[in-house]
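File shown: final_18.cif (mmCIF, C-alpha atoms, pLDDT in the B column; chains and numbers go by the auth columns).
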data_model
#
loop_
_atom_site.group_PDB
_atom_site.id
_atom_site.type_symbol
_atom_site.label_atom_id
_atom_site.label_comp_id
_atom_site.label_asym_id
_atom_site.label_seq_id
_atom_site.Cartn_x
_atom_site.Cartn_y
_atom_site.Cartn_z
_atom_site.B_iso_or_equiv
_atom_site.auth_seq_id
_atom_site.auth_asym_id
ATOM 1 C CA MET A 1 32.030 314.925 61.666 49.00 227 A
ATOM 2 C CA ALA A 2 33.530 318.376 61.045 51.00 228 A
ATOM 3 C CA ASN A 3 36.685 316.816 59.559 53.00 229 A
ATOM 4 C CA VAL A 4 34.568 314.768 57.182 54.00 230 A
ATOM 5 C CA ASN A 5 32.641 317.861 56.086 59.00 231 A
ATOM 6 C CA LEU A 6 35.854 319.814 55.564 58.00 232 A
ATOM 7 C CA ALA A 7 37.375 316.969 53.557 58.00 233 A
ATOM 8 C CA SER A 8 34.273 316.682 51.393 62.00 234 A
ATOM 9 C CA VAL A 9 34.248 320.431 50.699 61.00 235 A
ATOM 10 C CA VAL A 10 37.942 320.404 49.786 60.00 236 A
ATOM 11 C CA LEU A 11 37.520 317.406 47.506 60.00 237 A
ATOM 12 C CA ARG A 12 34.354 318.764 45.908 63.00 238 A
ATOM 13 C CA ASN A 13 36.025 322.102 45.199 62.00 239 A
ATOM 14 C CA ALA A 14 39.070 320.348 43.817 58.00 240 A
ATOM 15 C CA LEU A 15 36.886 318.325 41.467 57.00 241 A
ATOM 16 C CA ARG A 16 34.964 321.408 40.322 56.00 242 A
ATOM 17 C CA THR A 17 38.068 323.318 39.308 55.00 243 A
ATOM 18 C CA LYS A 18 39.351 322.989 35.769 50.00 244 A
ATOM 19 C CA ILE A 19 42.019 320.392 36.347 50.00 245 A
ATOM 20 C CA GLY A 20 42.437 317.165 34.499 51.00 246 A
ATOM 21 C CA THR A 21 40.934 313.878 35.587 51.00 247 A
ATOM 22 C CA ARG A 22 44.348 312.471 36.361 52.00 248 A
ATOM 23 C CA GLN A 23 45.211 315.391 38.638 56.00 249 A
ATOM 24 C CA SER A 24 41.944 315.162 40.574 56.00 250 A
ATOM 25 C CA HIS A 25 42.418 311.402 40.948 58.00 251 A
ATOM 26 C CA ASP A 26 45.926 312.026 42.307 62.00 252 A
ATOM 27 C CA MET A 27 44.539 314.556 44.784 62.00 253 A
ATOM 28 C CA ILE A 28 41.945 312.073 46.028 66.00 254 A
ATOM 29 C CA SER A 29 44.617 309.385 46.275 64.00 255 A
ATOM 30 C CA GLN A 30 46.704 311.696 48.437 64.00 256 A
ATOM 31 C CA LYS A 31 43.765 312.197 50.792 68.00 257 A
ATOM 32 C CA ILE A 32 42.741 308.559 51.221 76.00 258 A
ATOM 33 C CA GLY A 33 46.138 306.883 50.910 78.00 259 A
ATOM 34 C CA LYS A 34 46.011 303.152 50.057 82.00 260 A
ATOM 35 C CA ARG A 35 42.528 302.589 51.412 84.00 261 A
ATOM 36 C CA GLU A 36 40.189 300.684 49.136 84.00 262 A
ATOM 37 C CA VAL A 37 37.238 302.517 47.553 86.00 263 A
ATOM 38 C CA VAL A 38 34.273 300.190 48.047 86.00 264 A
ATOM 39 C CA GLY A 39 31.241 302.271 47.148 84.00 265 A
ATOM 40 C CA HIS A 40 29.646 305.585 46.316 82.00 266 A
ATOM 41 C CA GLY A 41 29.455 306.942 49.867 78.00 267 A
ATOM 42 C CA TRP A 42 26.962 309.340 51.395 80.00 268 A
ATOM 43 C CA ASN A 43 28.015 312.340 49.314 80.00 269 A
ATOM 44 C CA GLY A 44 29.606 310.749 46.258 81.00 270 A
ATOM 45 C CA LEU A 45 33.151 311.448 47.400 82.00 271 A
ATOM 46 C CA PRO A 46 35.627 308.919 48.776 84.00 272 A
ATOM 47 C CA VAL A 47 35.516 309.999 52.417 84.00 273 A
ATOM 48 C CA TYR A 48 35.032 307.896 55.519 86.00 274 A
ATOM 49 C CA ALA A 49 32.315 308.725 58.034 86.00 275 A
ATOM 50 C CA ASP A 50 30.564 306.586 60.629 87.00 276 A
ATOM 51 C CA ARG A 51 26.911 307.508 60.149 88.00 277 A
ATOM 52 C CA VAL A 52 23.807 305.724 61.350 88.00 278 A
ATOM 53 C CA ASP A 53 21.691 307.135 58.523 89.00 279 A
ATOM 54 C CA TYR A 54 24.167 305.999 55.829 85.00 280 A
ATOM 55 C CA PRO A 55 25.959 302.927 57.180 86.00 281 A
ATOM 56 C CA MET A 56 28.142 302.137 54.142 85.00 282 A
ATOM 57 C CA PRO A 57 31.096 304.533 53.771 88.00 283 A
ATOM 58 C CA ALA A 58 32.802 304.954 50.409 86.00 284 A
ATOM 59 C CA ILE A 59 36.206 303.767 51.590 89.00 285 A
ATOM 60 C CA ARG A 60 37.448 301.302 54.136 89.00 286 A
ATOM 61 C CA PHE A 61 38.548 302.562 57.550 89.00 287 A
ATOM 62 C CA LYS A 62 42.082 301.107 57.473 89.00 288 A
ATOM 63 C CA GLU A 63 44.595 300.511 54.732 88.00 289 A
ATOM 64 C CA ASN A 64 45.098 296.900 53.678 87.00 290 A
ATOM 65 C CA SER A 65 47.931 295.222 55.575 90.00 291 A
ATOM 66 C CA ARG A 66 49.233 291.685 55.080 92.00 292 A
ATOM 67 C CA ASP A 67 47.034 290.384 57.889 92.00 293 A
ATOM 68 C CA VAL A 68 43.925 292.034 56.500 91.00 294 A
ATOM 69 C CA LEU A 69 44.636 290.796 52.959 91.00 295 A
ATOM 70 C CA ALA A 70 45.034 287.242 54.298 93.00 296 A
ATOM 71 C CA LEU A 71 41.708 287.570 56.135 92.00 297 A
ATOM 72 C CA ARG A 72 40.034 288.921 52.977 90.00 298 A
ATOM 73 C CA GLU A 73 41.152 285.822 51.100 92.00 299 A
ATOM 74 C CA LYS A 74 39.904 283.639 53.925 91.00 300 A
ATOM 75 C CA GLU A 75 36.510 285.404 53.975 89.00 301 A
ATOM 76 C CA LYS A 76 35.883 284.338 50.377 91.00 302 A
ATOM 77 C CA GLY A 77 35.548 280.801 51.675 91.00 303 A
ATOM 78 C CA ASP A 78 33.330 279.374 54.401 91.00 304 A
ATOM 79 C CA TRP A 79 32.700 281.856 57.216 88.00 305 A
ATOM 80 C CA LYS A 80 32.075 279.030 59.683 90.00 306 A
ATOM 81 C CA LYS A 81 35.773 278.228 59.532 90.00 307 A
ATOM 82 C CA MET A 82 36.707 281.746 60.646 92.00 308 A
ATOM 83 C CA SER A 83 37.099 282.544 64.328 93.00 309 A
ATOM 84 C CA VAL A 84 35.251 285.373 66.060 94.00 310 A
ATOM 85 C CA GLN A 85 38.498 287.341 66.396 95.00 311 A
ATOM 86 C CA GLU A 86 39.116 287.089 62.643 93.00 312 A
ATOM 87 C CA LYS A 87 35.592 288.319 61.908 93.00 313 A
ATOM 88 C CA LYS A 88 36.081 291.219 64.303 93.00 314 A
ATOM 89 C CA ALA A 89 39.429 292.062 62.708 93.00 315 A
ATOM 90 C CA LEU A 90 37.756 292.141 59.280 92.00 316 A
ATOM 91 C CA TYR A 91 34.997 294.369 60.620 91.00 317 A
ATOM 92 C CA ARG A 92 37.464 296.762 62.265 92.00 318 A
ATOM 93 C CA ALA A 93 39.475 296.964 59.034 92.00 319 A
ATOM 94 C CA SER A 94 36.370 298.203 57.199 90.00 320 A
ATOM 95 C CA PHE A 95 34.599 300.195 59.936 92.00 321 A
ATOM 96 C CA CYS A 96 35.744 302.263 62.898 91.00 322 A
ATOM 97 C CA GLN A 97 32.651 301.869 65.091 91.00 323 A
ATOM 98 C CA THR A 98 29.778 299.454 65.493 90.00 324 A
ATOM 99 C CA PHE A 99 26.194 300.725 65.543 90.00 325 A
ATOM 100 C CA ALA A 100 26.129 300.360 69.322 90.00 326 A
ATOM 101 C CA GLU A 101 29.256 302.525 69.611 90.00 327 A
ATOM 102 C CA MET A 102 27.815 305.136 67.229 89.00 328 A
ATOM 103 C CA LYS A 103 24.529 305.358 69.140 90.00 329 A
ATOM 104 C CA HIS A 104 26.173 305.345 72.568 89.00 330 A
ATOM 105 C CA PRO A 105 25.568 308.648 74.378 88.00 331 A
ATOM 106 C CA THR A 106 28.599 310.893 74.392 87.00 332 A
ATOM 107 C CA GLY A 107 27.864 312.813 77.582 90.00 333 A
ATOM 108 C CA GLU A 108 27.812 316.102 75.668 92.00 334 A
ATOM 109 C CA TRP A 109 24.611 317.024 77.516 94.00 335 A
ATOM 110 C CA LYS A 110 26.647 317.442 80.687 96.00 336 A
ATOM 111 C CA ALA A 111 28.762 320.182 79.129 96.00 337 A
ATOM 112 C CA CYS A 112 25.647 321.904 77.748 97.00 338 A
ATOM 113 C CA LEU A 113 23.908 321.766 81.121 97.00 339 A
ATOM 114 C CA GLY A 114 27.031 323.014 82.873 98.00 340 A
ATOM 115 C CA ALA A 115 27.346 325.943 80.460 98.00 341 A
ATOM 116 C CA ALA A 116 23.667 326.805 80.924 98.00 342 A
ATOM 117 C CA LEU A 117 24.010 326.714 84.730 98.00 343 A
ATOM 118 C CA ILE A 118 27.145 328.866 84.605 98.00 344 A
ATOM 119 C CA ALA A 119 25.372 331.408 82.380 98.00 345 A
ATOM 120 C CA THR A 120 22.362 331.448 84.718 98.00 346 A
ATOM 121 C CA SER A 121 24.503 331.908 87.817 98.00 347 A
ATOM 122 C CA MET A 122 26.497 334.703 86.152 98.00 348 A
ATOM 123 C CA SER A 123 23.223 336.432 85.256 98.00 349 A
ATOM 124 C CA LEU A 124 21.948 336.144 88.827 98.00 350 A
ATOM 125 C CA ILE A 125 25.223 337.456 90.254 98.00 351 A
ATOM 126 C CA GLY A 126 25.130 340.362 87.800 98.00 352 A
ATOM 127 C CA MET A 127 21.543 341.161 88.757 97.00 353 A
ATOM 128 C CA MET A 128 22.387 341.106 92.474 97.00 354 A
ATOM 129 C CA LEU A 129 25.416 343.362 91.929 97.00 355 A
ATOM 130 C CA LEU A 130 23.329 345.826 89.928 97.00 356 A
ATOM 131 C CA LYS A 131 20.659 345.839 92.610 94.00 357 A
ATOM 132 C CA ALA A 132 23.240 346.405 95.348 93.00 358 A
ATOM 133 C CA PHE A 133 25.414 349.069 93.698 95.00 359 A
ATOM 134 C CA VAL A 134 23.541 350.683 90.793 95.00 360 A
ATOM 135 C CA TYR A 135 19.805 350.884 91.400 93.00 361 A
ATOM 136 C CA ASP A 136 18.288 353.307 93.879 92.00 362 A
ATOM 137 C CA PRO A 137 16.307 351.876 96.800 89.00 363 A
ATOM 138 C CA ILE A 138 12.601 351.293 96.278 90.00 364 A
ATOM 139 C CA PRO A 139 10.558 354.437 97.002 92.00 365 A
ATOM 140 C CA GLU A 140 8.686 354.564 100.291 92.00 366 A
ATOM 141 C CA THR A 141 5.362 354.783 98.434 92.00 367 A
ATOM 142 C CA PHE A 142 5.665 351.074 97.676 93.00 368 A
ATOM 143 C CA ASP A 143 5.042 349.984 101.242 94.00 369 A
ATOM 144 C CA GLU A 144 1.553 348.849 102.266 95.00 370 A
ATOM 145 C CA GLU A 145 0.711 351.892 104.399 95.00 371 A
ATOM 146 C CA HIS A 146 1.300 354.348 101.548 95.00 372 A
ATOM 147 C CA GLN A 147 -0.600 352.195 99.053 95.00 373 A
ATOM 148 C CA LYS A 148 -3.654 352.094 101.336 93.00 374 A
ATOM 149 C CA ALA A 149 -3.480 355.861 101.689 95.00 375 A
ATOM 150 C CA GLN A 150 -3.261 356.252 97.912 94.00 376 A
ATOM 151 C CA LEU A 151 -6.295 353.976 97.404 92.00 377 A
ATOM 152 C CA LYS A 152 -8.285 355.973 99.989 92.00 378 A
ATOM 153 C CA ARG A 153 -7.412 359.229 98.216 94.00 379 A
ATOM 154 C CA MET A 154 -8.498 357.750 94.846 92.00 380 A
ATOM 155 C CA LEU A 155 -11.838 356.728 96.367 91.00 381 A
ATOM 156 C CA ASP A 156 -12.291 360.156 98.018 91.00 382 A
ATOM 157 C CA LEU A 157 -11.678 361.917 94.710 92.00 383 A
ATOM 158 C CA ASN A 158 -14.023 359.457 92.912 89.00 384 A
ATOM 159 C CA ILE A 159 -11.411 358.704 90.223 89.00 385 A
ATOM 160 C CA ASN A 160 -12.729 356.826 87.159 88.00 386 A
ATOM 161 C CA PRO A 161 -16.214 356.136 88.500 88.00 387 A
ATOM 162 C CA ILE A 162 -17.476 354.140 85.500 88.00 388 A
ATOM 163 C CA HIS A 163 -14.942 351.326 85.002 90.00 389 A
ATOM 164 C CA GLY A 164 -12.197 352.037 87.522 88.00 390 A
ATOM 165 C CA VAL A 165 -11.629 351.487 91.219 87.00 391 A
ATOM 166 C CA SER A 166 -14.366 353.921 92.266 88.00 392 A
ATOM 167 C CA SER A 167 -16.987 351.960 90.362 89.00 393 A
ATOM 168 C CA LYS A 168 -16.423 348.987 92.669 89.00 394 A
ATOM 169 C CA TRP A 169 -16.748 350.995 95.907 89.00 395 A
ATOM 170 C CA ASP A 170 -20.104 351.424 97.668 88.00 396 A
ATOM 171 C CA TYR A 171 -20.052 355.024 98.944 87.00 397 A
ATOM 172 C CA ASP A 172 -23.234 354.586 100.968 87.00 398 A
ATOM 173 C CA ASN A 173 -21.970 351.651 103.066 88.00 399 A
ATOM 174 C CA ASN A 174 -18.223 352.424 102.828 86.00 400 A
ATOM 175 C CA LYS A 175 -17.275 348.923 101.630 89.00 401 A
ATOM 176 C CA TRP A 176 -16.491 347.097 98.382 88.00 402 A
ATOM 177 C CA LYS A 177 -19.421 346.023 96.213 84.00 403 A
#
Written as structure tokens, that's how I'd like the structure from this file.
Amino acid sequence: MANVNLASVVLRNALRTKIGTRQSHDMISQKIGKREVVGHGWNGLPVYADRVDYPMPAIRFKENSRDVLALREKEKGDWKKMSVQEKKALYRASFCQTFAEMKHPTGEWKACLGAALIATSMSLIGMMLLKAFVYDPIPETFDEEHQKAQLKRMLDLNINPIHGVSSKWDYDNNKWK
């Protein structure tokens, strides 16, 4: 898809410059070779792209060979006389992929998931290394014994008696309200 976008930008810029019609036609001919232009295309330029949203590309996929030209003459007649292989050869001369091949999953999700897991594991390893070698140990006031002592001191000093911890303590019965 990126090659198609690059080709369309190059061709569009070439057509916008002040060159003659003959020169721009020659430039387009150099890009597409001897492939037949069969329509307008999805962006108005003669580029080939297999797209589900715009299924008719502007040019055929392959250049016309003797076999393909013979099949094109044969297709003008009765299609019941053509074999399945001839019909497939005609299709493959005009298109690169079928709709089933275009819609088939590519497996790109596996690479995305793998990259996400690698990034997550690198982050976890970095966090563990920082915790082991950079950060100081947790202060001793974080253990349960010190926290209980701090809560008792806050209650003894009657800190924030209106909306705080002391407001929920019953001083007469020495228990929580």
(request) Rounded to one decimal place, report the CA of Lys394 (chain A)-CA of Met380 (chain A) distance in Å. (result)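 So the answer is 12.0 Å.
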(message) Taking (37.3, 297.9, 57.9) as a centre in this file's frame and 6 Å as the limit, can you find every polymer residue with an atom that close, using only C-alpha atoms, and give them as a ChimeraX atom specification?
(response) /A:286-288,316-321
(message) Every residue with an atom at most 9 Å from (-12.1, 353.4, 95.2) (file coordinates; only C-alpha atoms) is what I'm after, so could you write them as an MDAnalysis selection string?
(response) chainID A and resid 377:387 390:397 402
(request) Have a look at A:Lys307, A:Val360, A:His372, A:Val278 and name the one nearest to His330 (chain A); count all atoms listed in the file. (result)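 Answer, going by the shortest atom-to-atom distance: A:Val278.
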Pick out the residues sitting within 9 Å of Ile258 (chain A), and hand them over as a short mmCIF file (atom, residue, chain, number, x, y, z; two decimals) with C-alpha atoms, in the frame of the given file; count all atoms listed in the file, and ignore anything fewer than 6 positions along from it in its own chain.
data_model
loop_
_atom_site.label_atom_id
_atom_site.label_comp_id
_atom_site.auth_asym_id
_atom_site.auth_seq_id
_atom_site.Cartn_x
_atom_site.Cartn_y
_atom_site.Cartn_z
CA PRO A 272 35.63 308.92 48.78
CA VAL A 273 35.52 310.00 52.42
CA TYR A 274 35.03 307.90 55.52
CA ILE A 285 36.21 303.77 51.59
CA GLU A 289 44.60 300.51 54.73
#
(request) State, in Å with one decimal place, the distance from CA of Lys300 (chain A) to CA of Val263 (chain A). (result)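 For CA of Lys300 (chain A) relative to CA of Val263 (chain A), the distance reads 20.1 Å.
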(request) Tell me which of A:Asp276, A:Met354, A:Pro283, A:Gly270 sits closest to Glu327 (chain A), counting only C-alpha atoms. (result)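 Smallest separation from Glu327 (chain A) among the options: A:Asp276.
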(message) Given only C-alpha atoms as the basis, pick out the residue of A:Ile344, A:Asn399, A:Asp293, A:Gln323 nearest to Pro281 (chain A).
(response)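 The closest residue to Pro281 (chain A) is A:Gln323.
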(request) Give me, please, the distance in Å between CA of Tyr280 (chain A) and CA of Gly267 (chain A), quoted to one decimal. (result) 8.0 Å
(message) Just want the 12 Å neighbourhood of Ser291 (chain A), counted on all atoms listed in the file, with same-chain residues fewer than 3 positions away dropped. Output as number ranges by chain.
(response) A: 260-262, 288, 294-298, 315-316, 319
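You can rank A:His266, A:Lys306, A:Lys314, A:Lys329 by their closest distance to Asp279 (chain A) using all atoms listed in the file, and at the top of that list sits A:Lys329.
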